[in-house]
file my_file22.txt (compact mmCIF, C-alpha atoms)
# COMPACT_ATOMS: atom_id res chain seq x y z
CA MET C 5 135.78 7.97 81.09
CA SER C 6 134.45 9.22 77.77
CA GLY C 7 136.65 11.05 75.26
CA ARG C 8 134.91 14.40 75.88
CA PRO C 9 135.60 14.63 79.68
CA ARG C 10 139.17 13.41 79.11
CA ALA C 11 139.71 16.16 76.50
CA ALA C 12 138.18 18.79 78.78
CA ALA C 13 140.49 17.75 81.60
CA LEU C 14 143.46 17.96 79.29
CA LEU C 15 142.47 21.48 78.18
CA THR C 16 142.18 22.55 81.81
CA VAL C 17 145.70 21.33 82.55
CA VAL C 18 147.06 23.06 79.44
CA ALA C 19 145.35 26.34 80.35
CA ALA C 20 146.71 26.22 83.88
CA PHE C 21 150.23 25.56 82.58
CA ALA C 22 149.92 28.40 80.08
CA ALA C 23 148.87 30.73 82.86
CA LEU C 24 152.16 30.04 84.59
CA LEU C 25 154.10 30.95 81.46
CA VAL C 26 152.18 34.05 80.36
CA PRO C 27 151.89 36.85 82.95
CA SER C 28 148.41 38.18 83.48
CA ALA C 29 147.61 41.66 82.21
CA HIS C 30 146.58 42.37 85.78
CA ALA C 31 149.62 40.86 87.50
CA ALA C 32 150.61 42.53 90.76
CA PRO C 33 153.83 44.58 90.89
CA ALA C 34 156.77 42.55 92.10
CA GLU C 35 158.20 45.04 94.62
CA VAL C 36 157.12 47.55 97.24
CA PRO C 37 157.64 50.97 95.57
CA ARG C 38 160.41 53.08 97.13
CA THR C 39 158.35 56.24 96.88
CA ALA C 40 159.52 59.58 98.29
CA VAL C 41 156.22 61.07 99.49
CA LEU C 42 153.79 58.18 99.27
CA ASP C 43 154.25 55.21 101.60
CA GLY C 44 155.01 52.22 99.38
CA THR C 45 154.03 49.68 102.04
CA ARG C 46 150.71 51.43 102.53
CA LEU C 47 150.09 51.33 98.78
CA GLN C 48 150.74 47.59 98.80
CA GLN C 49 148.36 47.05 101.73
CA THR C 50 145.68 49.15 100.05
CA ARG C 51 145.97 47.13 96.85
CA ALA C 52 145.49 43.92 98.82
CA ARG C 53 142.19 45.26 100.23
CA LEU C 54 140.69 46.45 96.95
CA ASP C 55 138.46 43.45 96.34
CA ARG C 56 136.80 43.61 99.73
CA ASP C 57 136.51 47.35 100.36
CA PRO C 58 133.70 49.13 98.45
CA ARG C 59 135.10 52.55 99.38
CA LEU C 60 138.41 51.72 97.73
CA ARG C 61 136.64 50.37 94.67
CA ARG C 62 134.77 53.66 94.28
CA ALA C 63 138.00 55.61 94.58
CA LEU C 64 139.62 53.28 92.05
CA ALA C 65 136.83 54.01 89.59
CA ASP C 66 137.60 57.72 89.92
CA LEU C 67 141.34 57.10 89.53
CA THR C 68 140.99 54.91 86.45
CA ALA C 69 138.63 57.43 84.88
CA ARG C 70 141.39 60.00 85.19
CA ALA C 71 143.97 57.57 83.86
CA ASP C 72 141.76 56.59 80.92
CA GLY C 73 141.54 60.25 79.98
CA TRP C 74 145.33 60.42 79.54
CA LEU C 75 145.65 57.38 77.28
CA ASP C 76 144.96 59.30 74.07
CA GLN C 77 146.84 62.46 75.08
CA GLY C 78 150.50 63.42 74.80
CA PRO C 79 153.31 62.74 74.95
CA TRP C 80 154.50 66.29 75.46
CA THR C 81 157.95 67.81 74.98
CA VAL C 82 159.75 71.09 75.61
CA VAL C 83 161.04 71.21 72.04
CA ASP C 84 157.71 71.95 70.37
CA LYS C 85 156.88 75.37 71.86
CA PRO C 86 156.49 78.21 69.32
CA ARG C 87 159.68 79.99 70.40
CA PRO C 88 162.66 78.64 72.34
CA ALA C 89 163.83 80.02 75.65
CA PRO C 90 166.29 82.92 75.67
CA GLY C 91 169.57 81.64 74.26
CA GLY C 92 167.85 79.48 71.67
CA ASP C 93 168.25 76.01 73.22
CA VAL C 94 165.00 74.19 72.45
CA HIS C 95 165.64 71.76 75.33
CA GLU C 96 165.34 74.52 77.94
CA TYR C 97 162.11 74.66 79.96
CA LEU C 98 160.34 77.99 79.55
CA SER C 99 157.51 79.54 81.53
CA GLN C 100 156.35 83.12 81.61
CA ALA C 101 155.20 85.64 84.22
CA PRO C 102 151.41 85.64 83.81
CA TYR C 103 150.53 89.32 84.20
CA TRP C 104 153.05 90.88 81.80
CA TRP C 105 151.94 91.86 78.30
CA PRO C 106 153.59 92.97 75.02
CA THR C 107 153.15 96.57 73.94
CA THR C 108 153.74 96.12 70.20
CA ALA C 109 152.90 93.57 67.54
CA PRO C 110 155.56 90.86 67.15
CA THR C 111 157.91 91.20 64.18
CA ALA C 112 160.81 89.18 62.82
CA ASP C 113 163.22 91.51 64.63
CA ASN C 114 161.08 91.71 67.77
CA PRO C 115 159.34 88.32 68.01
CA TRP C 116 157.98 88.91 71.52
CA GLY C 117 156.50 92.37 70.90
CA CYS C 118 158.70 94.04 73.51
CA PRO C 119 158.70 95.99 75.73
CA TYR C 120 156.42 94.17 78.18
CA VAL C 121 154.36 95.96 80.83
CA GLN C 122 152.54 94.62 83.88
CA ARG C 123 148.75 94.46 83.97
CA ASP C 124 148.11 93.05 87.39
CA GLY C 125 145.40 90.41 87.53
CA ARG C 126 145.04 90.12 83.74
CA ARG C 127 146.48 86.84 82.54
CA ASN C 128 148.39 86.92 79.26
CA PRO C 129 147.25 83.90 77.19
CA GLU C 130 150.83 83.42 75.99
CA VAL C 131 151.48 81.87 79.39
CA ASP C 132 149.27 78.94 78.43
CA SER C 133 150.01 78.60 74.73
CA GLY C 134 153.52 79.86 74.12
CA THR C 135 155.57 78.21 76.87
CA ASP C 136 156.04 74.84 78.56
CA ARG C 137 154.21 75.26 81.83
CA GLN C 138 150.85 73.83 80.78
CA ASP C 139 152.50 70.82 79.14
CA ALA C 140 154.70 70.22 82.18
CA GLU C 141 151.65 70.13 84.43
CA LYS C 142 150.06 67.58 82.10
CA VAL C 143 153.21 65.45 82.29
CA PHE C 144 153.15 65.59 86.08
CA ASP C 145 149.44 64.80 86.44
CA ALA C 146 149.32 62.15 83.73
CA THR C 147 152.31 60.12 84.90
CA TYR C 148 151.09 60.19 88.52
CA ASP C 149 147.56 59.07 87.62
CA LEU C 150 148.73 56.44 85.14
CA ALA C 151 151.40 54.93 87.40
CA LEU C 152 148.96 54.66 90.30
CA ALA C 153 146.27 53.21 88.06
CA TRP C 154 148.72 50.57 86.80
CA TYR C 155 149.78 49.74 90.34
CA TYR C 156 146.21 49.11 91.45
CA THR C 157 144.88 47.40 88.32
CA GLY C 158 147.92 45.84 86.64
CA ARG C 159 146.71 47.12 83.25
CA ARG C 160 149.68 47.26 80.94
CA SER C 161 148.35 50.19 78.91
CA TYR C 162 148.62 52.52 81.91
CA ALA C 163 152.26 51.64 82.57
CA GLU C 164 153.24 51.87 78.92
CA LYS C 165 151.62 55.29 78.51
CA ALA C 166 153.31 56.61 81.66
CA GLY C 167 156.65 55.34 80.41
CA GLN C 168 156.16 56.96 77.00
CA ILE C 169 155.37 60.32 78.59
CA LEU C 170 158.35 60.19 80.95
CA ARG C 171 160.82 59.12 78.27
CA THR C 172 159.66 61.84 75.87
CA TRP C 173 159.86 64.69 78.38
CA PHE C 174 162.98 63.67 80.35
CA LEU C 175 165.06 61.07 78.52
CA ASP C 176 164.90 60.89 74.72
CA PRO C 177 167.81 62.94 73.28
CA ALA C 178 165.66 64.60 70.63
CA THR C 179 162.91 65.74 73.00
CA ARG C 180 164.29 65.79 76.55
CA MET C 181 164.24 68.75 78.90
CA ASN C 182 167.53 70.00 80.30
CA PRO C 183 167.63 69.46 84.09
CA ASP C 184 167.39 73.12 85.09
CA LEU C 185 164.86 75.92 85.44
CA ASP C 186 167.01 78.79 84.22
CA HIS C 187 164.14 80.22 82.17
CA ALA C 188 161.13 79.66 84.40
CA GLN C 189 158.81 82.65 84.98
CA PHE C 190 160.75 84.82 82.54
CA ILE C 191 159.58 88.27 81.44
CA PRO C 192 160.43 89.04 77.81
CA CYS C 193 162.88 91.92 77.44
CA ARG C 194 163.37 92.10 81.21
CA TYR C 195 164.41 88.80 82.81
CA ASP C 196 165.54 85.60 81.10
CA GLY C 197 164.25 83.69 84.13
CA ARG C 198 163.51 84.16 87.82
CA ALA C 199 164.09 82.15 90.96
CA ILE C 200 160.39 82.12 91.79
CA GLY C 201 159.85 79.97 88.69
CA ILE C 202 161.24 76.98 90.59
CA ILE C 203 157.81 76.55 92.12
CA ASP C 204 156.53 75.59 88.65
CA PHE C 205 158.14 72.21 89.33
CA ALA C 206 158.13 72.18 93.13
CA GLN C 207 154.31 72.22 93.18
CA SER C 208 153.99 68.79 91.61
CA TYR C 209 157.31 67.20 90.68
CA THR C 210 157.28 64.93 93.73
CA GLY C 211 154.39 63.17 92.00
CA VAL C 212 156.72 62.39 89.10
CA LEU C 213 159.33 61.01 91.48
CA ASP C 214 156.72 58.75 93.04
CA ALA C 215 155.41 57.72 89.62
CA GLN C 216 158.94 56.69 88.63
CA ALA C 217 159.30 54.70 91.85
CA ILE C 218 155.97 52.96 91.28
CA LEU C 219 156.91 52.00 87.73
CA ALA C 220 160.26 50.72 89.01
CA ALA C 221 158.33 48.20 91.12
CA GLY C 222 157.87 46.02 88.06
CA ALA C 223 155.91 47.95 85.43
CA PRO C 224 156.01 46.42 81.94
CA GLY C 225 158.12 48.46 79.55
CA TRP C 226 159.92 50.45 82.26
CA THR C 227 163.45 49.19 81.83
CA ALA C 228 166.63 49.23 83.89
CA HIS C 229 167.93 51.85 81.46
CA ASP C 230 164.86 54.02 82.11
CA ARG C 231 165.40 53.72 85.86
CA ALA C 232 169.07 54.64 85.61
CA ALA C 233 168.46 57.52 83.21
CA THR C 234 165.71 59.09 85.32
CA LYS C 235 167.87 58.75 88.43
CA GLN C 236 170.66 60.62 86.64
CA TRP C 237 168.28 63.34 85.43
CA ASN C 238 167.01 63.76 88.99
CA ALA C 239 170.56 63.90 90.34
CA ASP C 240 171.47 66.59 87.82
CA PHE C 241 168.33 68.56 88.68
CA LEU C 242 169.11 68.22 92.40
CA GLY C 243 172.60 69.57 91.75
CA TRP C 244 171.14 72.57 89.92
CA LEU C 245 168.69 73.27 92.75
CA ARG C 246 171.45 73.20 95.35
CA ASN C 247 174.13 75.12 93.49
CA SER C 248 172.47 77.62 91.14
CA ASP C 249 171.83 81.23 92.12
CA PHE C 250 168.12 80.69 91.51
CA GLY C 251 168.11 77.65 93.77
CA ARG C 252 169.84 79.50 96.58
CA GLN C 253 167.43 82.43 96.25
CA GLU C 254 164.38 80.20 96.37
CA GLY C 255 165.78 78.25 99.30
CA ALA C 256 166.04 81.54 101.20
CA ALA C 257 162.38 82.45 100.58
CA ALA C 258 160.43 82.81 103.80
CA ASN C 259 156.96 81.85 102.54
CA ASN C 260 155.45 78.92 100.62
CA HIS C 261 158.20 79.19 97.98
CA GLY C 262 160.76 78.20 100.60
CA THR C 263 158.62 75.35 101.92
CA PHE C 264 158.13 73.92 98.44
CA TYR C 265 161.83 74.29 97.71
CA ASP C 266 162.70 72.25 100.81
CA MET C 267 160.08 69.65 99.97
CA GLN C 268 161.39 69.27 96.42
CA LEU C 269 165.00 69.15 97.61
CA ALA C 270 164.28 66.47 100.22
CA ALA C 271 162.28 64.36 97.76
CA LEU C 272 164.99 64.51 95.11
CA ALA C 273 167.67 63.68 97.67
CA TYR C 274 165.71 60.66 98.87
CA ALA C 275 164.91 59.49 95.34
CA THR C 276 168.56 59.65 94.29
CA GLY C 277 169.88 57.91 97.40
CA ASP C 278 171.16 60.87 99.44
CA THR C 279 169.17 60.07 102.56
CA ALA C 280 171.48 62.19 104.72
CA LEU C 281 170.55 65.33 102.74
CA ALA C 282 166.88 64.38 102.83
CA ARG C 283 166.97 63.91 106.60
CA ARG C 284 168.90 67.14 107.20
CA THR C 285 166.44 69.10 105.06
CA VAL C 286 163.44 67.74 106.96
CA LEU C 287 165.09 68.37 110.35
CA ASP C 288 165.97 71.95 109.40
CA ALA C 289 162.37 72.62 108.38
CA ARG C 290 161.33 72.66 112.03
CA ALA C 291 163.13 75.91 112.87
CA GLN C 292 163.36 77.31 109.35
CA ARG C 293 159.82 76.70 108.08
CA ILE C 294 157.30 75.65 110.74
CA ASP C 295 158.35 78.04 113.53
CA PRO C 296 158.52 81.26 111.45
CA GLN C 297 155.59 80.52 109.12
CA ILE C 298 152.93 79.31 111.58
CA ALA C 299 151.62 81.52 114.38
CA ALA C 300 150.68 80.37 117.87
CA ASP C 301 147.00 80.19 116.87
CA GLY C 302 147.78 78.12 113.74
CA GLY C 303 147.36 80.91 111.22
CA GLN C 304 149.99 81.47 108.56
CA PRO C 305 150.48 85.26 108.59
CA GLN C 306 152.32 85.54 105.27
CA GLU C 307 149.66 83.51 103.47
CA LEU C 308 146.75 85.21 105.28
CA ALA C 309 147.96 88.55 103.92
CA ARG C 310 147.32 87.42 100.32
CA THR C 311 144.20 88.22 98.33
CA ARG C 312 143.79 84.44 98.03
CA SER C 313 144.51 83.66 101.67
CA TRP C 314 142.50 80.41 101.77
CA HIS C 315 144.23 79.03 98.72
CA TYR C 316 147.70 79.94 99.93
CA SER C 317 147.10 78.69 103.48
CA ALA C 318 146.15 75.27 102.12
CA PHE C 319 148.84 75.46 99.45
CA ASP C 320 151.67 76.01 101.94
CA LEU C 321 150.35 73.12 104.02
CA VAL C 322 150.50 70.86 100.97
CA ALA C 323 154.27 71.42 101.00
CA HIS C 324 154.54 71.06 104.78
CA THR C 325 152.59 67.79 104.84
CA ARG C 326 154.49 66.30 101.91
CA LEU C 327 157.73 67.25 103.64
CA ALA C 328 156.44 65.49 106.74
CA ALA C 329 155.68 62.42 104.61
CA ILE C 330 159.26 62.40 103.31
CA GLY C 331 160.39 62.68 106.92
CA ARG C 332 158.68 59.39 107.68
CA HIS C 333 161.19 57.65 105.38
CA VAL C 334 164.21 59.20 107.11
CA GLY C 335 163.16 58.89 110.74
CA VAL C 336 161.83 62.41 111.37
CA ASN C 337 158.27 63.11 112.57
CA LEU C 338 157.44 66.73 111.79
CA TRP C 339 153.94 66.28 113.16
CA ARG C 340 155.38 65.98 116.66
CA HIS C 341 157.29 69.24 116.45
CA THR C 342 156.08 72.13 118.59
CA GLY C 343 157.70 75.55 118.20
CA PRO C 344 158.56 77.95 121.01
CA ASP C 345 155.15 79.64 120.79
CA GLY C 346 153.24 76.39 120.33
CA GLN C 347 153.43 76.36 116.53
CA SER C 348 152.71 73.01 114.87
CA LEU C 349 151.44 71.50 111.68
CA SER C 350 148.33 70.22 113.45
CA LYS C 351 147.48 73.71 114.68
CA ALA C 352 147.87 75.08 111.15
CA VAL C 353 145.45 72.48 109.79
CA ASP C 354 143.03 72.95 112.70
CA TYR C 355 142.95 76.67 111.87
CA LEU C 356 141.32 75.75 108.55
CA LEU C 357 138.76 73.30 109.91
CA PRO C 358 135.79 75.65 110.53
CA ALA C 359 135.87 76.79 106.90
CA ALA C 360 136.87 73.37 105.55
CA THR C 361 133.82 71.74 107.15
CA GLY C 362 131.42 74.58 106.33
CA ALA C 363 130.90 75.39 110.00
CA ALA C 364 132.03 79.00 109.58
CA ALA C 365 132.95 81.45 106.85
CA TRP C 366 136.61 82.03 106.12
CA PRO C 367 137.40 85.34 107.83
CA HIS C 368 140.22 86.49 105.53
CA PRO C 369 140.43 87.82 101.95
CA GLU C 370 139.80 85.19 99.28
CA LEU C 371 138.93 85.93 95.67
CA GLU C 372 137.94 82.37 94.79
CA PHE C 373 137.00 80.23 97.79
CA HIS C 374 136.82 76.47 97.28
CA ARG C 375 136.15 74.51 100.43
CA TYR C 376 137.70 71.35 98.98
CA ALA C 377 141.11 73.03 98.68
CA ALA C 378 141.83 71.95 102.27
CA THR C 379 140.52 68.38 102.02
CA ASP C 380 143.88 66.67 101.45
CA VAL C 381 145.69 68.50 104.25
CA VAL C 382 142.86 67.57 106.62
CA HIS C 383 143.36 63.95 105.57
CA ALA C 384 147.09 64.28 106.23
CA ALA C 385 146.53 65.66 109.72
CA ALA C 386 143.97 62.98 110.49
CA ASP C 387 146.41 60.27 109.40
CA ALA C 388 149.02 61.84 111.69
CA GLY C 389 146.70 61.48 114.68
CA ASP C 390 145.08 64.93 114.94
CA PRO C 391 141.72 64.22 116.64
CA ALA C 392 140.07 67.43 115.40
CA ALA C 393 141.02 66.60 111.82
CA ARG C 394 139.75 63.06 112.21
CA ALA C 395 136.39 64.34 113.44
CA ALA C 396 136.23 66.80 110.55
CA LEU C 397 136.73 64.22 107.79
CA ALA C 398 133.04 63.39 107.57
CA LYS C 399 132.28 67.02 106.78
CA VAL C 400 135.01 68.01 104.31
CA GLU C 401 134.13 68.48 100.67
CA ALA C 402 135.29 66.03 98.01
CA PRO C 403 137.26 67.73 95.23
CA PRO C 404 136.20 67.52 91.59
CA GLY C 405 136.91 64.04 90.29
CA GLY C 406 136.45 62.41 93.67
CA ASP C 407 138.41 62.04 96.89
CA LEU C 408 141.44 59.87 96.03
CA TRP C 409 143.18 60.05 99.41
CA ALA C 410 142.63 56.37 100.18
CA LEU C 411 144.59 55.43 97.04
CA ARG C 412 147.23 58.18 96.99
CA PRO C 413 147.64 59.48 100.56
CA ALA C 414 149.81 62.50 99.82
CA ALA C 415 148.42 66.04 99.72
CA GLU C 416 147.88 67.69 96.35
CA GLN C 417 146.97 71.24 95.41
CA LEU C 418 143.31 70.60 94.74
CA ASP C 419 142.22 74.06 93.55
CA SER C 420 143.74 75.96 90.67
CA ILE C 421 145.26 79.41 90.54
CA ALA C 422 146.28 81.55 87.60
CA GLY C 423 150.02 82.05 87.58

call {"tool": "encode", "arguments": {"input": "my_file22.txt", "output": "structure tokens"}}
result
Amino acid sequence: MSGRPRAAALLTVVAAFAALLVPSAHAAPAEVPRTAVLDGTRLQQTRARLDRDPRLRRALADLTARADGWLDQGPWTVVDKPRPAPGGDVHEYLSQAPYWWPTTAPTADNPWGCPYVQRDGRRNPEVDSGTDRQDAEKVFDATYDLALAWYYTGRRSYAEKAGQILRTWFLDPATRMNPDLDHAQFIPCRYDGRAIGIIDFAQSYTGVLDAQAILAAGAPGWTAHDRAATKQWNADFLGWLRNSDFGRQEGAAANNHGTFYDMQLAALAYATGDTALARRTVLDARAQRIDPQIAADGGQPQELARTRSWHYSAFDLVAHTRLAAIGRHVGVNLWRHTGPDGQSLSKAVDYLLPAATGAAAWPHPELEFHRYAATDVVHAAADAGDPAARAALAKVEAPPGGDLWALRPAAEQLDSIAG
């Protein structure tokens, strides 16, 4: 053997040995994620099929495009808003009722320009620039997209960015948010906060819980301390939801606010290890949420009465279907529940199908109809075995940015709404 082949063989052996010592940038996560809404085993199975499924590869391209967009944004924090929440604690989350406006110019003695008056339907731009809500939504969306993108690609940059965002918003002493929503949906000079502001978090916070669980499956840079600290923050937030006056008020709400409260409560309970509370919450939803909110024909009367009835019908079903997904982890199948008048989640989704597929116009008031708003809940019903939803999938509309259901099978609010 000549010197050159012998040297090449030696280099091959050295490279192989080095590969054993240095983890690949695309190494697979070590554990199945213990996600609250998403199914960790399903995520693992989907990742294993990526290389041989063109449909999944297309969805992954859409997901990584979203994740790439977050890499040079943030991190965000509650401490950098122009004015702190009532009481002056910069660590308090603050959001503002969207249709209330100041009547005077702000001064040093009256920094908000009080008194405020309602101008229904006219959105005060302070809601987007002077409080925390917009930044919180970026935290929720970014960490979810980045954690999923890391899980499917193994790219370290996604995990590290997600970790930075989570630590800044929830954990770092200088920048963390207090685990309460005492000042959500406040109205200057009138209310320091309102119970209905809990939905600011309930809409999307389960995505943060699942992002944390995904990162805990072996993400680089997400440490044991990070896992313990986020679990404690979630436990404190769960305690506030259960025991505060605002939490009790929102839990008593009879419309989508109550459904989202239950969904958030069950997810937090599961994520922090209280599976008994998670199971009890899902079981109670049968008589407390499905039966009174869904009519025999599948319509949701309280949501159909809104000026944005299509949005709110799909929106409430986002909460119902996520709650059903949590139920899967605690041995409860909400999809099998039938109320005394025949109410069921499948009927509620089927009620949307003619409009969701474009077969018929939506027959109720809707100021801003987007057919794709129902796409995720149709996916959820199809996964649960609803034959009408399965047949409809070929005709639903993909949301902006692509249909990501195959990679993150948990319903999201796909259309936007002011307020």

call {"tool": "atom_distance", "arguments": {"input": "my_file22.txt", "atom1": "CA of Leu356 in chain C", "atom2": "CA of Asp204 in chain C"}}
result
25.0 Å

call {"tool": "closest_residue", "arguments": {"input": "my_file22.txt", "among": "C:Phe241, C:Trp80, C:Trp74, C:Phe205", "to": "Tyr162 in chain C", "atoms": "all atoms listed in the file"}}
result
C:Trp74

call {"tool": "closest_residue", "arguments": {"input": "my_file22.txt", "among": "C:Arg123, C:His374, C:Lys351, C:Arg283", "to": "Asp390 in chain C", "atoms": "all atoms listed in the file"}}
result
C:Lys351

call {"tool": "atom_distance", "arguments": {"input": "my_file22.txt", "atom1": "CA of Arg126 in chain C", "atom2": "CA of Arg87 in chain C"}}
result
22.2 Å

call {"tool": "residues_around", "arguments": {"input": "my_file22.txt", "residues": "Asp320 in chain C", "least_positions_apart": "4", "cutoff": "8 Å", "atoms": "all atoms listed in the file", "output": "MDAnalysis selection string"}}
result
chainID C and resid 259:260 263:264 307 316 324

call {"tool": "closest_atom_pairs", "arguments": {"input": "my_file22.txt", "of": "range 249-325 of chain C", "to": "range 215-228 of chain C", "cutoff": "12 Å", "atoms": "all atoms listed in the file", "output": "CSV"}}
result
residue,atom,partner,partner_atom,distance
C:Ala271,CA,C:Ala217,CA,11.7
C:Leu272,CA,C:Ala217,CA,11.8
C:Tyr274,CA,C:Ala217,CA,11.2
C:Ala275,CA,C:Ala217,CA,8.2
C:Thr276,CA,C:Ala217,CA,10.8

call {"tool": "residues_around", "arguments": {"input": "my_file22.txt", "residues": "Phe174 in chain C", "least_positions_apart": "6", "cutoff": "9 Å", "atoms": "all atoms listed in the file", "output": "list in words"}}
result
Thr81, Arg180, Met181, Asn182, Pro183, Ala233, Thr234 and Trp237 of chain C

call {"tool": "decode", "arguments": {"input": "my_file22.txt", "residues": "range 409-420 of chain C", "atoms": "N, CA, C and O atoms", "output": "short mmCIF file (atom, residue, chain, number, x, y, z; two decimals), in the first residue's frame"}}
result
data_model
loop_
_atom_site.label_atom_id
_atom_site.label_comp_id
_atom_site.auth_asym_id
_atom_site.auth_seq_id
_atom_site.Cartn_x
_atom_site.Cartn_y
_atom_site.Cartn_z
N TRP C 409 -49.70 22.15 10.27
CA TRP C 409 -50.32 21.14 11.14
C TRP C 409 -49.48 19.88 11.23
O TRP C 409 -49.34 19.29 12.31
N ALA C 410 -48.92 19.42 10.14
CA ALA C 410 -48.17 18.16 10.15
C ALA C 410 -47.00 18.21 11.12
O ALA C 410 -46.59 17.17 11.65
N LEU C 411 -46.45 19.40 11.37
CA LEU C 411 -45.30 19.54 12.26
C LEU C 411 -45.69 19.98 13.66
O LEU C 411 -44.96 19.69 14.62
N ARG C 412 -46.79 20.68 13.82
CA ARG C 412 -47.22 21.12 15.15
C ARG C 412 -48.73 20.92 15.26
O ARG C 412 -49.52 21.86 15.18
N PRO C 413 -49.17 19.67 15.40
CA PRO C 413 -50.60 19.36 15.41
C PRO C 413 -51.30 19.79 16.69
O PRO C 413 -51.66 18.98 17.55
N ALA C 414 -51.48 21.08 16.83
CA ALA C 414 -52.25 21.68 17.92
C ALA C 414 -52.83 22.98 17.38
O ALA C 414 -52.10 23.79 16.80
N ALA C 415 -54.12 23.20 17.55
CA ALA C 415 -54.78 24.32 16.91
C ALA C 415 -54.25 25.65 17.42
O ALA C 415 -54.02 25.84 18.61
N GLU C 416 -54.06 26.58 16.49
CA GLU C 416 -53.69 27.95 16.81
C GLU C 416 -54.78 28.89 16.31
O GLU C 416 -55.55 28.55 15.41
N GLN C 417 -54.81 30.09 16.88
CA GLN C 417 -55.65 31.15 16.33
C GLN C 417 -54.93 31.66 15.09
O GLN C 417 -53.88 32.31 15.18
N LEU C 418 -55.50 31.40 13.93
CA LEU C 418 -54.79 31.67 12.68
C LEU C 418 -55.09 33.06 12.12
O LEU C 418 -54.32 33.57 11.32
N ASP C 419 -56.22 33.64 12.50
CA ASP C 419 -56.51 35.01 12.05
C ASP C 419 -56.31 35.96 13.22
O ASP C 419 -56.25 35.54 14.38
N SER C 420 -56.16 37.21 12.92
CA SER C 420 -55.89 38.19 13.97
C SER C 420 -57.16 38.95 14.29
O SER C 420 -58.11 38.98 13.51
#
